[in-house]
Amino acid sequence: MKLYVALCAFLVLSSVACAGVNIRYRYQLSPGVDVEVDTSQPGPNFTVNREIFHNNATRRVTSVLVWTDSPTTEDLGVMTLSPAVGQFFLPILLRTPQPGGFPACRNWSGNWDGNVSTFQNAGVLVGISGEINGNLIGSVAANQINGLGVRGRVIGHIRSRGQDDQTQPGLTLLELAAVDSGATIVSESTGLLQIAPIATIALGTTRDMDGSVSNNSGNVFVRWDIGPSRWRGNITVPNGRLLQLDLGSSGSIVARPGGPRPSIVVKNTIDQIQAASIDADIQVTEQSPSAPEPIGYIQRIEALNGSISGSISCRRFSLTTGGPLPNVGGVRATGALSASLTSVIQDTALQVSEVSSSAMVRTGRFASTLGDIMLLDAMGLKGQIILNQTLSFTPAQAWGRPIKVGTQTINNTLEGEYELPSAQLGGGAVGLAPFRLYRADSVPTATAPGA
């Protein structure tokens with residue numbers, strides 16, 4: 001059962017006229033009986049109370065609903081949380097009270113000053129969810145952010161402990177339209193930080209992700225595949241996995257004008273990065289040979305409608321038949337590979353139009369039956385492919401698979417030598433360490449085996 005009471009103030013009854021910021025408190029009167037109490041404040045700044053005085057007693061609030069009188073034109077200022085006796089989790093929803101609800105306001109100034117030193121005292125044991133029509137112009141801190149939607153730009157910072165109480169990890173879920181370059185999105189959770197595109201965006205907003213994203217203790221999952229968009233921010237996952245960064249076939253990972261290309265640094269594993277084109281420095285930092293599989297792996301990086309540039313570094317490309325992306329591992333692009341690509345231990349699966357003259361592909365062993373190096377253009381080998389870069393294998397172990405350039409095939413026939421001259425392949429070469437004389441390109445042509 002739910003009882004509904006309309007008040008124009010909180011803590012103590014008042015005759016102040018209802019206006020500005022509306023706050024609906026809910027508390028449990030008795031088992032199975034919840035009471036909702038409507039209050040208002042002049043705004044734009046407002047205070048949310050963890051306890052209210054109602055029915056001649058102090059009541060512990062179990063949830064809060066916040067909205068403005070005119071959500072399309074009025075802003076919410078800074079939200080302050082009142083103290084309470086004891087520690088308990090308080091969910092706060094920014095949404096209008098109609099069934100289904102609408103965004104709570106135009107812009108919001110958040111509940112935190114954005115200073116990392118004050119984070120531990122901001123949003124303690126608070127969950128924030130809901131939606132706003134405009135920009136997040138301030139910063140937000142909470143134990144848990146489970147479904148916060150911003151139709152405009154994120155200008156401030158978003159930081160979540162990722163917990164729904166003091167011990168349990170929880171989800172951090174954001175639905176966003178755009179994030180400014182100075183903004184940061186940080187989760188401290190051992191759970192998942194998930195970012196998705198919001199369906200409706202504010203007028204004049206372009207879907208650009210320029211801020212940085214990190215989960216300091218858990219994993220990250222990003223789906224940003226809703227039409228033309230640009231991902232220009234950094235991603236850091238120092239203790240987990242990047243499960244997905246998907247911009248679809250019309251979104252690109254690209255540097256900001258005059259700025260560096262995005263940096264994507266992950267400790268354990270990258271499962272999938274997919275975009276129309278990719279210009280980024282991508283690294284999986286765990287490269288110890290003793291790390292258990294698939295730690296240190298990249299499963300797939302793919303440019304659906306363009307090229308890949310920047311740099312890619314990992315322990316190994318995962319070419320297993322299982323997992324979330326079976327049989328499609330490695331690096332793939334409809335355009336050129338212009339990146340420096342390093343697979344420290346072994347195995348590279350590469351399918352691109354060409355390895356450009358600025359690119360260098362370095363790997364350990366190229367012998368897996370699941371891995372192919374395929375350059376689709378007839379003159380696609382313009383750069384360098386180096387096998388056995390760590391000198392960890394014998395030549396026969398290091399190169400056990402053909403490399404395809406257009407319709408031509410390069411085979412390891414004499415411990416790293418092959419008969420096709422570079423002019424027929426695009427001007428580049430395949431080198432098997434330790435390197436030998438490339439007789440097909442020597443002047444005059446050498447007849448004795450290289451040494």
# chains A, B, ... in the order shown; residues from 1 in each chain; ligands from 1

$ residues_around --residues "stretch 258-268 of chain A" --least-positions-apart "5" --cutoff "6 Å" --atoms "only C-alpha atoms" --output "tab-separated table (two decimals) with all heavy atoms, in the first residue's frame"
chain	number	residue	atom	x	y	z
A	232	ARG	N	37.14	10.47	-29.39
A	232	ARG	CA	38.43	11.15	-29.38
A	232	ARG	C	39.06	11.17	-27.99
A	232	ARG	O	40.07	11.85	-27.78
A	232	ARG	CB	38.25	12.58	-29.91
A	232	ARG	CG	37.62	12.60	-31.31
A	232	ARG	CD	37.63	13.94	-31.97
A	232	ARG	NE	36.72	14.90	-31.38
A	232	ARG	CZ	36.25	15.98	-32.01
A	232	ARG	NH1	36.62	16.22	-33.26
A	232	ARG	NH2	35.43	16.83	-31.41
A	233	GLY	N	38.48	10.43	-27.05
A	233	GLY	CA	38.99	10.41	-25.69
A	233	GLY	C	39.80	9.17	-25.38
A	233	GLY	O	39.78	8.18	-26.12
A	234	ASN	N	40.50	9.22	-24.26
A	234	ASN	CA	41.31	8.08	-23.82
A	234	ASN	C	40.47	7.09	-23.02
A	234	ASN	O	39.49	7.47	-22.37
A	234	ASN	CB	42.47	8.58	-22.95
A	234	ASN	CG	43.41	9.49	-23.70
A	234	ASN	OD1	43.54	9.39	-24.92
A	234	ASN	ND2	44.07	10.39	-22.98
A	235	ILE	N	40.89	5.83	-23.05
A	235	ILE	CA	40.29	4.79	-22.23
A	235	ILE	C	41.41	4.10	-21.45
A	235	ILE	O	42.42	3.69	-22.03
A	235	ILE	CB	39.54	3.75	-23.08
A	235	ILE	CG1	38.37	4.40	-23.83
A	235	ILE	CG2	39.03	2.60	-22.22
A	235	ILE	CD1	37.63	3.46	-24.75
A	236	THR	N	41.22	3.98	-20.13
A	236	THR	CA	42.21	3.33	-19.28
A	236	THR	C	41.53	2.27	-18.44
A	236	THR	O	40.55	2.56	-17.74
A	236	THR	CB	42.91	4.35	-18.35
A	236	THR	OG1	43.42	5.42	-19.14
A	236	THR	CG2	44.05	3.70	-17.59
A	237	VAL	N	42.05	1.04	-18.52
A	237	VAL	CA	41.51	-0.07	-17.72
A	237	VAL	C	42.70	-0.74	-17.04
A	237	VAL	O	43.24	-1.73	-17.55
A	237	VAL	CB	40.72	-1.08	-18.59
A	237	VAL	CG1	39.95	-2.05	-17.71
A	237	VAL	CG2	39.76	-0.35	-19.53
A	238	PRO	N	43.16	-0.21	-15.90
A	238	PRO	CA	44.43	-0.66	-15.33
A	238	PRO	C	44.39	-2.02	-14.65
A	238	PRO	O	45.45	-2.58	-14.35
A	238	PRO	CB	44.76	0.43	-14.30
A	238	PRO	CG	43.43	1.02	-13.94
A	238	PRO	CD	42.60	0.95	-15.18
A	239	ASN	N	43.20	-2.56	-14.40
A	239	ASN	CA	43.12	-3.85	-13.70
A	239	ASN	C	42.07	-4.78	-14.29
A	239	ASN	O	41.68	-5.75	-13.62
A	239	ASN	CB	42.82	-3.63	-12.22
A	239	ASN	CG	43.98	-2.97	-11.49
A	239	ASN	OD1	45.03	-3.58	-11.33
A	239	ASN	ND2	43.79	-1.73	-11.07
A	240	GLY	N	41.59	-4.52	-15.49
A	240	GLY	CA	40.53	-5.35	-16.05
A	240	GLY	C	40.60	-5.49	-17.54
A	240	GLY	O	41.68	-5.44	-18.15
A	241	ARG	N	39.43	-5.64	-18.15
A	241	ARG	CA	39.30	-5.89	-19.58
A	241	ARG	C	38.48	-4.80	-20.24
A	241	ARG	O	37.58	-4.23	-19.63
A	241	ARG	CB	38.58	-7.23	-19.83
A	241	ARG	CG	39.29	-8.45	-19.31
A	241	ARG	CD	38.38	-9.66	-19.30
A	241	ARG	NE	37.89	-10.01	-20.62
A	241	ARG	CZ	36.95	-10.94	-20.85
A	241	ARG	NH1	36.40	-11.59	-19.82
A	241	ARG	NH2	36.56	-11.20	-22.08
A	280	ALA	N	44.43	5.34	-33.31
A	280	ALA	CA	44.59	5.30	-31.86
A	280	ALA	C	45.86	4.55	-31.50
A	280	ALA	O	46.37	3.75	-32.29
A	280	ALA	CB	43.38	4.63	-31.21
A	281	ASP	N	46.35	4.81	-30.30
A	281	ASP	CA	47.43	4.03	-29.72
A	281	ASP	C	46.81	3.04	-28.75
A	281	ASP	O	46.27	3.43	-27.71
A	281	ASP	CB	48.44	4.94	-29.01
A	281	ASP	CG	49.20	5.83	-29.98
A	281	ASP	OD1	49.55	5.34	-31.08
A	281	ASP	OD2	49.43	7.00	-29.65
A	282	ILE	N	46.88	1.76	-29.09
A	282	ILE	CA	46.16	0.69	-28.38
A	282	ILE	C	47.19	-0.25	-27.77
A	282	ILE	O	48.07	-0.76	-28.48
A	282	ILE	CB	45.22	-0.06	-29.33
A	282	ILE	CG1	44.21	0.91	-29.97
A	282	ILE	CG2	44.51	-1.20	-28.61
A	282	ILE	CD1	43.44	0.32	-31.12
A	283	GLN	N	47.05	-0.51	-26.48
A	283	GLN	CA	48.04	-1.35	-25.81
A	283	GLN	C	47.39	-2.22	-24.75
A	283	GLN	O	46.59	-1.75	-23.94
A	283	GLN	CB	49.13	-0.49	-25.15
A	283	GLN	CG	50.21	-1.29	-24.45
A	283	GLN	CD	51.24	-0.42	-23.77
A	283	GLN	OE1	51.02	0.77	-23.57
A	283	GLN	NE2	52.37	-0.99	-23.39
A	284	VAL	N	47.75	-3.52	-24.75
A	284	VAL	CA	47.46	-4.41	-23.63
A	284	VAL	C	48.76	-4.56	-22.87
A	284	VAL	O	49.76	-5.05	-23.42
A	284	VAL	CB	46.92	-5.77	-24.11
A	284	VAL	CG1	46.75	-6.72	-22.94
A	284	VAL	CG2	45.59	-5.59	-24.83
A	285	THR	N	48.79	-4.13	-21.62
A	285	THR	CA	50.07	-3.98	-20.91
A	285	THR	C	50.60	-5.27	-20.32
A	285	THR	O	51.81	-5.38	-20.10
A	285	THR	CB	49.93	-2.94	-19.79
A	285	THR	OG1	48.93	-3.36	-18.87
A	285	THR	CG2	49.55	-1.58	-20.37
A	286	GLU	N	49.73	-6.23	-20.02
A	286	GLU	CA	50.21	-7.49	-19.42
A	286	GLU	C	50.82	-8.36	-20.52
A	286	GLU	O	50.11	-8.91	-21.35
A	286	GLU	CB	49.06	-8.22	-18.73
A	286	GLU	CG	49.47	-9.55	-18.10
A	286	GLU	CD	50.62	-9.41	-17.12
A	286	GLU	OE1	50.37	-9.01	-15.98
A	286	GLU	OE2	51.76	-9.71	-17.51
A	295	ILE	N	44.94	-13.63	-20.70
A	295	ILE	CA	45.51	-12.37	-20.23
A	295	ILE	C	46.59	-11.91	-21.21
A	295	ILE	O	47.46	-12.68	-21.62
A	295	ILE	CB	46.10	-12.53	-18.82
A	295	ILE	CG1	45.01	-12.99	-17.84
A	295	ILE	CG2	46.72	-11.23	-18.34
A	295	ILE	CD1	43.85	-12.04	-17.72
A	296	GLY	N	46.54	-10.62	-21.55
A	296	GLY	CA	47.50	-10.07	-22.48
A	296	GLY	C	47.09	-10.16	-23.94
A	296	GLY	O	47.86	-9.81	-24.83

$ residues_around --residues "A:Asp279" --least-positions-apart "2" --cutoff "12 Å" --atoms "only C-alpha atoms" --output "ChimeraX atom specification"
/A:230-234,251-256,260-264,273-277,281-282,301-303,306-312,336-340

$ select_by_dssp --residues "stretch 116-158 of chain A" --states "strand (DSSP E or B)" --output "PyMOL selection string"
chain A and resi 126-132+136-142+144-154+158

$ write_last_selection --atoms "C-alpha atoms" --output "CSV table (one decimal), in the first residue's frame"
chain,number,residue,atom,x,y,z
A,126,VAL,CA,23.9,7.4,-2.7
A,127,GLY,CA,22.6,6.0,-6.0
A,128,ILE,CA,21.8,8.4,-8.9
A,129,SER,CA,19.8,7.6,-11.9
A,130,GLY,CA,17.4,9.3,-14.3
A,131,GLU,CA,17.7,11.7,-17.2
A,132,ILE,CA,18.2,15.3,-18.0
A,136,LEU,CA,25.6,18.1,-17.1
A,137,ILE,CA,27.5,21.3,-16.3
A,138,GLY,CA,28.7,20.2,-12.9
A,139,SER,CA,30.1,17.0,-11.5
A,140,VAL,CA,28.4,13.9,-10.1
A,141,ALA,CA,29.7,11.5,-7.4
A,142,ALA,CA,27.8,8.5,-6.2
A,144,GLN,CA,26.2,3.7,-7.8
A,145,ILE,CA,25.1,5.3,-11.1
A,146,ASN,CA,22.7,2.8,-12.6
A,147,GLY,CA,21.2,4.5,-15.6
A,148,LEU,CA,22.0,8.2,-15.8
A,149,GLY,CA,21.0,9.8,-19.2
A,150,VAL,CA,22.4,13.1,-20.4
A,151,ARG,CA,20.8,14.4,-23.7
A,152,GLY,CA,23.3,17.2,-24.0
A,153,ARG,CA,27.0,17.4,-23.2
A,154,VAL,CA,28.9,16.1,-20.1
A,158,ILE,CA,31.3,11.6,-13.3

$ atom_distance --atom1 "atom CA of A:Ser187" --atom2 "atom CA of A:Asn115"
14.9 Å

$ atom_distance --atom1 "atom CA of A:Asn55" --atom2 "atom CA of A:Ala104"
28.1 Å

$ closest_residue --among "A:Gly114, A:Arg332, A:Ser353, A:Arg401" --to "A:Phe366" --atoms "only C-alpha atoms"
A:Arg401

$ closest_residue --among "A:Ile23, A:Lys382, A:Ala333, A:Val430" --to "A:Thr363" --atoms "only C-alpha atoms"
A:Val430

$ closest_residue --among "A:Asp69, A:Trp108, A:Val78, A:Ser30" --to "A:Val48" --atoms "only C-alpha atoms"
A:Val78

$ select_by_dssp --residues "stretch 165-413 of chain A" --states "alpha helix (DSSP H)" --output "PyMOL selection string"
chain A and resi 395-398

$ residues_around --residues "A:Ser82" --least-positions-apart "3" --cutoff "10 Å" --atoms "only C-alpha atoms" --output "compact mmCIF listing (two decimals) with C-alpha atoms, in the first residue's frame"
# COMPACT_ATOMS: atom_id res chain seq x y z
CA THR A 47 18.99 19.82 -0.50
CA VAL A 48 17.94 16.18 -0.39
CA ASN A 49 17.31 14.83 3.10
CA ARG A 50 18.04 11.29 4.18
CA GLU A 51 15.45 11.70 6.93
CA MET A 79 22.31 19.05 -5.02
